[in-house]
Amino acid sequence: MSLFLSYLSVLLALASGFLALLREQEAERPKSEPGQNKYHRYLRQTCRELFDQRGIFGLLMLSGLGAFLGGLSALLTNQITQDVLPLGLPWMHWHVRLDALSGFFLAVIGLGVIPISLYGPGYVRKYREEKYPLWLLGLCTGLFVAGMELVLLADDAFFFMIAWELMSVSSYFLVAFQHGHAANRRAAFLYLLMAVVGAIAIILAFGVLASFSHGFDFDGFRGGHLPRFWGTSAFLLALLGFGMKAGLVPGHAWLPEAHPVAPSHISALMSGVMLKIAIYGLLRFTFDLLGDIEWQWGVVVLMAGTASAVLGILYAFQQNNIKKLLAYSSIENLGIIAMGIGLAMIFMGTGHTGPGVIGLLAALYHVLNHSVFKNLLFLTAGSVIHQTHEPDLDHLGGLIRRMPKTAILALTGCVAISALPPLNGFVSEWLTFQAALQATSLESGVLRSMIPMAAAALAFTSALAAATFIKFFGVGFLGLPRTHHAAHSREVTQLGMLSGPGLLAGLCVLLGLLPTIVIQALEPVSLLLMGETLPSASSKGWLWLTPGTRSVASYSAVFVAIGLLLAWWAVQRFTRLASDSVQRRGPAWDCGFGGLNSKMQYTSTSFSQPIRRIFAPVWKLQESIDSGGATALTNQPVRYQLEVEDQSWRLLYHPIGALTAETARLVSRLQSGNIRIYLSYSFVTLLILLGIASL
Amino acid sequence: MNWLLAAIEPLLFIFISPLLAGWIKWVKCRLQNRRSPSLVQPYRDLAKLFRKTPVVANHASWLFEATPYIVFTSILLAVAIVPSIAAHLPTASIADVIALVGFLALGRFFLILAGMDIGTAFGGMGSSREATIASLAEPAMLMAVFTLAMSANTTNLSSAIDYVQDNGLVLRPSFIFALAGVVLVAIAETGRVPVDNPATHLELTMIHEAMILEYGGRHLALIEWAGQIRLMLFGVLIVNIFFPWGIAESLTLDALAIGLGAMVAKLMVLGLLLAISEMMLAKMRIFRVQDYLGFAYLLSLLGMLSHVILEVG
């Protein structure tokens, strides 16, 4: 049943893609309809195109629904269903398997795709005016979703890589969709390049596994036992490949370039869902296929995760482009997920499965949470850009009055991602902290002191995440509008552009209030990967989340919410009792200076200035002030320019690029362009080969 | 009975809290050879603010009006989970110390946003600085909390108090470092000298005050009151975790009376110490705060390391 639903979902996603292609060809056929004036024809055309997009996104929504239901039923029933498809190479058919782990991630895809297909029809309208081919967008979206689902279903290395590449290549076209700008083409190329390098690493990792088993199917890999050296190399290769796709530092450079330039609903899919597929790959490879986890691997993952979380949020804080800010924040969140996985591996490698389960559950919970609130934020950011045509925070402002509904949705997302109670972000972060605090049970003193330090880095990250999203909301939605566009923006009119994010905002609340139910649903995954569950998590009933015993730590989201409502009511009552005066409106006080205008406000750049100054070595900063001969007495504009660049480019990517160029230059010396030299190359080669053959 | 007490305790807490602010001010004035306002002056100020008509800027959004209530609500919830007079109230297990940090962050999140709502330069400045200080103080705070949590093996405040009481007063280096770290963080989080000066209204030196410049009337009263509760909350947290003597372990009338008396006495001593330190220190430059908070973080880290190296195994 669950497998049938997943197949259906894949087919529906493909169908949605091909429908986009078909409709476009139909639309291109010349139609002569006499007796209609130009206006009438235009109206019909508009209606038809609207229907097209509805149809395409409707199929996509059904696909998402299928993925969600199929994944959920596989997760809840905890059954492993396997199948062999008569596709692929004659001697190597495609193996398919659906278990609790892939079921969970399938449900995450479903949860991502459904709101996006609600949101999409309204959003893609604007591309019609910009003359970008909509069929390409529809086709690649369908292929992209199908590719992600197939990665989860794959049960042999060959099929896995085909699905993986389908996902990568179709998303390349989505990133390059708005190819009018050179920067977008550059970002798409960078994305493709790094996807290829990552894929090579994954293929090599599978190669190591394959050399110790018979064939390429995962069942064979599971049975194999690797010597320590080869196990570690396979793990490191897999971490490199999947880590690059997940955007872990230092393999993150493509992410902040590629995610912002795609259309917003695709950015949401990429950030919210595709990165999770990389996490799935890492989990599947390490826990399921490789087995025999060494705690040192966990340390590597924990360190990569901590670095990603801290650097990701520091970079995110300095961004002014709203989508770039969100993209860097994805790096941070994926870092938090990796920290959870790293903790699980450390505990499992040292034989403490119980605390390890907390780490794994924290990571999985954060996978779910991040996909929900990051999609929400990308979609609301899309609405903002759609209505104002301004992606830069410093050109926005005051949107809470112009777009009140979008503002509430964005605020929900900001509270959730800042890990504030009682929404969902807090729960997974709390679980990660609880996992880290179990470090006392470890024997090694180094680990015991290292893990709390990672936890403190996580605390720094979450505090800075709150600051980042205060900046996002405060500069973008509050204050006075900074530009004409922002001042004259209107609320989105398409219902889908509100209901899609609205659904996600509801999920943010629900996942925050019912953590025990989610944890219970996740238990089959931990049973599958670690052979243990966390029975104590819900032993006190569905109200209480208790990872250990209740005296150790407990959190009851429902009581917290009730407490908040009760306290809110009491405060309101009390205030009304204590003060009966009616509130009055007046001009802003502003210390009595008067003449308030939008230029006086703190901008995004100035809001982040203190942190920029304190952590200056983290960025490559180029600051210049051109006063143009102005003094304090002359009233001339002063130009201030600031460029914040990622240090990883200077430290890692540019050297690698230079090395590649240098090697290419050395190789090119062979090519003199002289035919006699080329002939002598073949002659010498022939001689050497003959020499080898005669040995 | 337990739940009733759990409801009364926070109420008592919030109605005492202006007294602590008054007490600190009184001591400070005495130390500076000034005539002091009466101890109940903070109550009078709050009553005055509640009576006044709140004036809200023309273009203020709903968020600006809702924020004082959100701030007060979140601090109320934080108060409910901190054992002040009695340990083991049923509210204590609803959320642990990590959630406590979360509640404080929730109130601050909205307060910082409200500072940016009107679009004045001062509001943005205060918000930016508060966000910076908060993001540096939180890791130091949690590091100290983790030290405690790892030695007591719990993040539940009541259980941690039990642990400290059962083991008696042993001079453990980890606790001393953690205490020092928490004290430094508490000073920063409550906006006292040397990080911020609650008495200043000189524009460029303000942090917290700059954020709330646009508030008046009952809105300002709620925010000021929440600030006083916050001060007392950190005070109670310090005295009850590190010096938990006297806290009511059973819910008899005698024990509760002793608990209340002990808490008041301990807070008075703490207020005295705070006033003395504020007398002797000057407010520091804003870009020295990171050194200060870095030091707090370092102390907490030392506490953690000494726990791991000296005290385990």
# chains A, B, ... in the order shown; residues from 1 in each chain; ligands from 1
$ residues_around --residues "region 209-220 of chain A" --least-positions-apart "6" --cutoff "6 Å" --atoms "only C-alpha atoms" --output "number ranges by chain"
A: 155-157
$ residues_around --residues "region 189-201 of chain A" --least-positions-apart "4" --cutoff "7 Å" --atoms "only C-alpha atoms" --output "PyMOL selection string"
chain A and resi 168+172+185+205+237-238+240-242+244-245+254+258
$ closest_residue --among "B:Leu39, B:Val185, B:Val56, B:Val236" --to "Ala21 (chain B)" --atoms "only C-alpha atoms"
B:Leu39
$ atom_distance --atom1 "CA of Gly502 (chain A)" --atom2 "CA of Met274 (chain A)"
21.5 Å
$ select_by_dssp --residues "region 132-168 of chain B" --states "alpha helix (DSSP H)" --output "PDB file with N, CA and C atoms, in the first residue's frame"
ATOM      1  N   THR B 132      22.839  42.276  20.126  1.00  0.00           N
ATOM      2  CA  THR B 132      24.244  41.878  20.210  1.00  0.00           C
ATOM      3  C   THR B 132      24.578  41.322  21.584  1.00  0.00           C
ATOM      4  N   ILE B 133      24.191  42.066  22.613  1.00  0.00           N
ATOM      5  CA  ILE B 133      24.527  41.636  23.972  1.00  0.00           C
ATOM      6  C   ILE B 133      23.840  40.321  24.297  1.00  0.00           C
ATOM      7  N   ALA B 134      22.567  40.212  23.863  1.00  0.00           N
ATOM      8  CA  ALA B 134      21.844  38.980  24.156  1.00  0.00           C
ATOM      9  C   ALA B 134      22.513  37.793  23.494  1.00  0.00           C
ATOM     10  N   SER B 135      22.979  37.978  22.247  1.00  0.00           N
ATOM     11  CA  SER B 135      23.540  36.808  21.585  1.00  0.00           C
ATOM     12  C   SER B 135      24.894  36.436  22.156  1.00  0.00           C
ATOM     13  N   LEU B 136      25.537  37.356  22.855  1.00  0.00           N
ATOM     14  CA  LEU B 136      26.788  36.982  23.521  1.00  0.00           C
ATOM     15  C   LEU B 136      26.535  36.438  24.920  1.00  0.00           C
ATOM     16  N   ALA B 137      25.471  36.934  25.561  1.00  0.00           N
ATOM     17  CA  ALA B 137      25.230  36.514  26.948  1.00  0.00           C
ATOM     18  C   ALA B 137      24.619  35.120  27.025  1.00  0.00           C
ATOM     19  N   GLU B 138      23.801  34.787  26.027  1.00  0.00           N
ATOM     20  CA  GLU B 138      23.089  33.513  26.121  1.00  0.00           C
ATOM     21  C   GLU B 138      24.018  32.304  26.164  1.00  0.00           C
ATOM     22  N   PRO B 139      25.046  32.227  25.287  1.00  0.00           N
ATOM     23  CA  PRO B 139      25.924  31.070  25.399  1.00  0.00           C
ATOM     24  C   PRO B 139      26.642  31.005  26.743  1.00  0.00           C
ATOM     25  N   ALA B 140      27.042  32.152  27.286  1.00  0.00           N
ATOM     26  CA  ALA B 140      27.726  32.138  28.584  1.00  0.00           C
ATOM     27  C   ALA B 140      26.785  31.614  29.663  1.00  0.00           C
ATOM     28  N   MET B 141      25.547  32.090  29.598  1.00  0.00           N
ATOM     29  CA  MET B 141      24.532  31.644  30.560  1.00  0.00           C
ATOM     30  C   MET B 141      24.324  30.133  30.459  1.00  0.00           C
ATOM     31  N   LEU B 142      24.143  29.649  29.220  1.00  0.00           N
ATOM     32  CA  LEU B 142      23.859  28.228  29.064  1.00  0.00           C
ATOM     33  C   LEU B 142      25.068  27.377  29.441  1.00  0.00           C
ATOM     34  N   MET B 143      26.259  27.908  29.192  1.00  0.00           N
ATOM     35  CA  MET B 143      27.456  27.158  29.575  1.00  0.00           C
ATOM     36  C   MET B 143      27.490  26.949  31.087  1.00  0.00           C
ATOM     37  N   ALA B 144      27.170  28.014  31.820  1.00  0.00           N
ATOM     38  CA  ALA B 144      27.128  27.885  33.281  1.00  0.00           C
ATOM     39  C   ALA B 144      26.034  26.908  33.697  1.00  0.00           C
ATOM     40  N   VAL B 145      24.895  27.017  33.026  1.00  0.00           N
ATOM     41  CA  VAL B 145      23.794  26.109  33.329  1.00  0.00           C
ATOM     42  C   VAL B 145      24.194  24.665  33.063  1.00  0.00           C
ATOM     43  N   PHE B 146      24.937  24.451  31.969  1.00  0.00           N
ATOM     44  CA  PHE B 146      25.347  23.091  31.631  1.00  0.00           C
ATOM     45  C   PHE B 146      26.291  22.527  32.679  1.00  0.00           C
ATOM     46  N   THR B 147      27.170  23.391  33.199  1.00  0.00           N
ATOM     47  CA  THR B 147      28.067  22.920  34.248  1.00  0.00           C
ATOM     48  C   THR B 147      27.259  22.382  35.412  1.00  0.00           C
ATOM     49  N   LEU B 148      26.274  23.169  35.799  1.00  0.00           N
ATOM     50  CA  LEU B 148      25.401  22.748  36.891  1.00  0.00           C
ATOM     51  C   LEU B 148      24.651  21.480  36.522  1.00  0.00           C
ATOM     52  N   ALA B 149      24.117  21.479  35.283  1.00  0.00           N
ATOM     53  CA  ALA B 149      23.280  20.355  34.864  1.00  0.00           C
ATOM     54  C   ALA B 149      24.092  19.078  34.785  1.00  0.00           C
ATOM     55  N   MET B 150      25.364  19.209  34.386  1.00  0.00           N
ATOM     56  CA  MET B 150      26.151  17.989  34.262  1.00  0.00           C
ATOM     57  C   MET B 150      26.560  17.457  35.625  1.00  0.00           C
ATOM     58  N   SER B 151      26.818  18.344  36.584  1.00  0.00           N
ATOM     59  CA  SER B 151      27.189  17.791  37.884  1.00  0.00           C
ATOM     60  C   SER B 151      25.962  17.280  38.625  1.00  0.00           C
ATOM     61  N   ALA B 152      24.831  17.959  38.470  1.00  0.00           N
ATOM     62  CA  ALA B 152      23.631  17.477  39.142  1.00  0.00           C
ATOM     63  C   ALA B 152      22.905  16.443  38.305  1.00  0.00           C
ATOM     64  N   LEU B 157      15.176  22.498  37.570  1.00  0.00           N
ATOM     65  CA  LEU B 157      15.700  23.367  38.617  1.00  0.00           C
ATOM     66  C   LEU B 157      15.489  22.784  40.013  1.00  0.00           C
ATOM     67  N   SER B 158      14.312  22.206  40.256  1.00  0.00           N
ATOM     68  CA  SER B 158      14.054  21.645  41.587  1.00  0.00           C
ATOM     69  C   SER B 158      15.022  20.530  41.902  1.00  0.00           C
ATOM     70  N   SER B 159      15.263  19.654  40.924  1.00  0.00           N
ATOM     71  CA  SER B 159      16.185  18.550  41.162  1.00  0.00           C
ATOM     72  C   SER B 159      17.591  19.065  41.396  1.00  0.00           C
ATOM     73  N   ALA B 160      17.959  20.123  40.666  1.00  0.00           N
ATOM     74  CA  ALA B 160      19.297  20.676  40.850  1.00  0.00           C
ATOM     75  C   ALA B 160      19.455  21.230  42.262  1.00  0.00           C
ATOM     76  N   ILE B 161      18.394  21.889  42.761  1.00  0.00           N
ATOM     77  CA  ILE B 161      18.443  22.424  44.122  1.00  0.00           C
ATOM     78  C   ILE B 161      18.588  21.284  45.125  1.00  0.00           C
ATOM     79  N   ASP B 162      17.838  20.204  44.889  1.00  0.00           N
ATOM     80  CA  ASP B 162      17.962  19.020  45.745  1.00  0.00           C
ATOM     81  C   ASP B 162      19.396  18.535  45.798  1.00  0.00           C
ATOM     82  N   TYR B 163      19.996  18.464  44.613  1.00  0.00           N
ATOM     83  CA  TYR B 163      21.355  17.944  44.520  1.00  0.00           C
ATOM     84  C   TYR B 163      22.302  18.798  45.349  1.00  0.00           C
ATOM     85  N   VAL B 164      22.181  20.122  45.208  1.00  0.00           N
ATOM     86  CA  VAL B 164      23.087  21.011  45.937  1.00  0.00           C
ATOM     87  C   VAL B 164      22.864  20.863  47.438  1.00  0.00           C
ATOM     88  N   GLN B 165      21.588  20.760  47.826  1.00  0.00           N
ATOM     89  CA  GLN B 165      21.305  20.654  49.254  1.00  0.00           C
ATOM     90  C   GLN B 165      21.793  19.337  49.838  1.00  0.00           C
ATOM     91  N   ASP B 166      21.595  18.249  49.081  1.00  0.00           N
ATOM     92  CA  ASP B 166      22.003  16.944  49.592  1.00  0.00           C
ATOM     93  C   ASP B 166      23.502  16.871  49.787  1.00  0.00           C
TER      94      ASP B 166
END
$ closest_residue --among "A:Phe68, A:Phe574, A:Phe229, A:Phe206" --to "chain B" --atoms "only C-alpha atoms"
A:Phe574
$ residues_around --residues "Phe177 (chain B)" --least-positions-apart "3" --cutoff "8 Å" --atoms "only C-alpha atoms" --output "list in words"
Pro173, Ser174, Ala180, Gly181, Leu299, Ser300, Leu302 and Gly303 of chain B
$ write_last_selection --atoms "C-alpha atoms" --output "short mmCIF file (atom, residue, chain, number, x, y, z; two decimals), in the first residue's frame"
data_model
loop_
_atom_site.label_atom_id
_atom_site.label_comp_id
_atom_site.auth_asym_id
_atom_site.auth_seq_id
_atom_site.Cartn_x
_atom_site.Cartn_y
_atom_site.Cartn_z
CA PRO B 173 35.72 24.76 41.80
CA SER B 174 33.16 24.11 39.07
CA ALA B 180 30.95 33.86 38.82
CA GLY B 181 29.87 33.34 35.22
CA LEU B 299 34.62 31.40 33.58
CA SER B 300 31.73 29.10 32.80
CA LEU B 302 36.58 26.78 33.22
CA GLY B 303 33.83 25.59 35.51
#
$ atom_distance --atom1 "CA of Lys323 (chain A)" --atom2 "CA of Ser267 (chain A)"
8.4 Å
$ closest_residue --among "B:Ser277, B:Ser17, B:Ser36, B:Asn156" --to "Ala95 (chain B)" --atoms "only C-alpha atoms"
B:Asn156
$ closest_residue --among "B:Ile16, B:Ala186, B:Ala131, B:Leu171" --to "chain A" --atoms "only C-alpha atoms"
B:Ala131
$ atom_distance --atom1 "CA of Arg228 (chain A)" --atom2 "CA of Phe160 (chain A)"
24.9 Å
$ residues_around --residues "Pro421 (chain A)" --least-positions-apart "4" --cutoff "7 Å" --atoms "only C-alpha atoms" --output "compact mmCIF listing (two decimals) with C-alpha atoms, in the first residue's frame"
# COMPACT_ATOMS: atom_id res chain seq x y z
CA PHE A 426 12.49 25.07 20.34
CA GLY B 102 13.82 30.28 26.03
CA PHE B 103 11.07 32.22 27.81
$ residues_around --residues "Leu213 (chain B)" --least-positions-apart "4" --cutoff "12 Å" --atoms "only C-alpha atoms" --output "ChimeraX atom specification"
/A:588-592 /B:55-57,111-112,114-127,201-203,206-209,217,219-220,223-224
$ closest_residue --among "A:Ala457, A:Leu527, A:Ala13, A:Ile517" --to "Leu301 (chain B)" --atoms "only C-alpha atoms"
A:Ala457
$ residues_around --residues "region 403-418 of chain A" --least-positions-apart "3" --cutoff "8 Å" --atoms "only C-alpha atoms" --output "NGL selection string"
:A and (370 or 373-374 or 376-377 or 380-381 or 383 or 399-400 or 421 or 423-426 or 462-463 or 465-466 or 469-470 or 473 or 477 or 489-492 or 498 or 501-502 or 505 or 508)
$ closest_residue --among "A:Leu368, A:Ile614, A:Leu289, A:Leu670" --to "chain B" --atoms "only C-alpha atoms"
A:Ile614
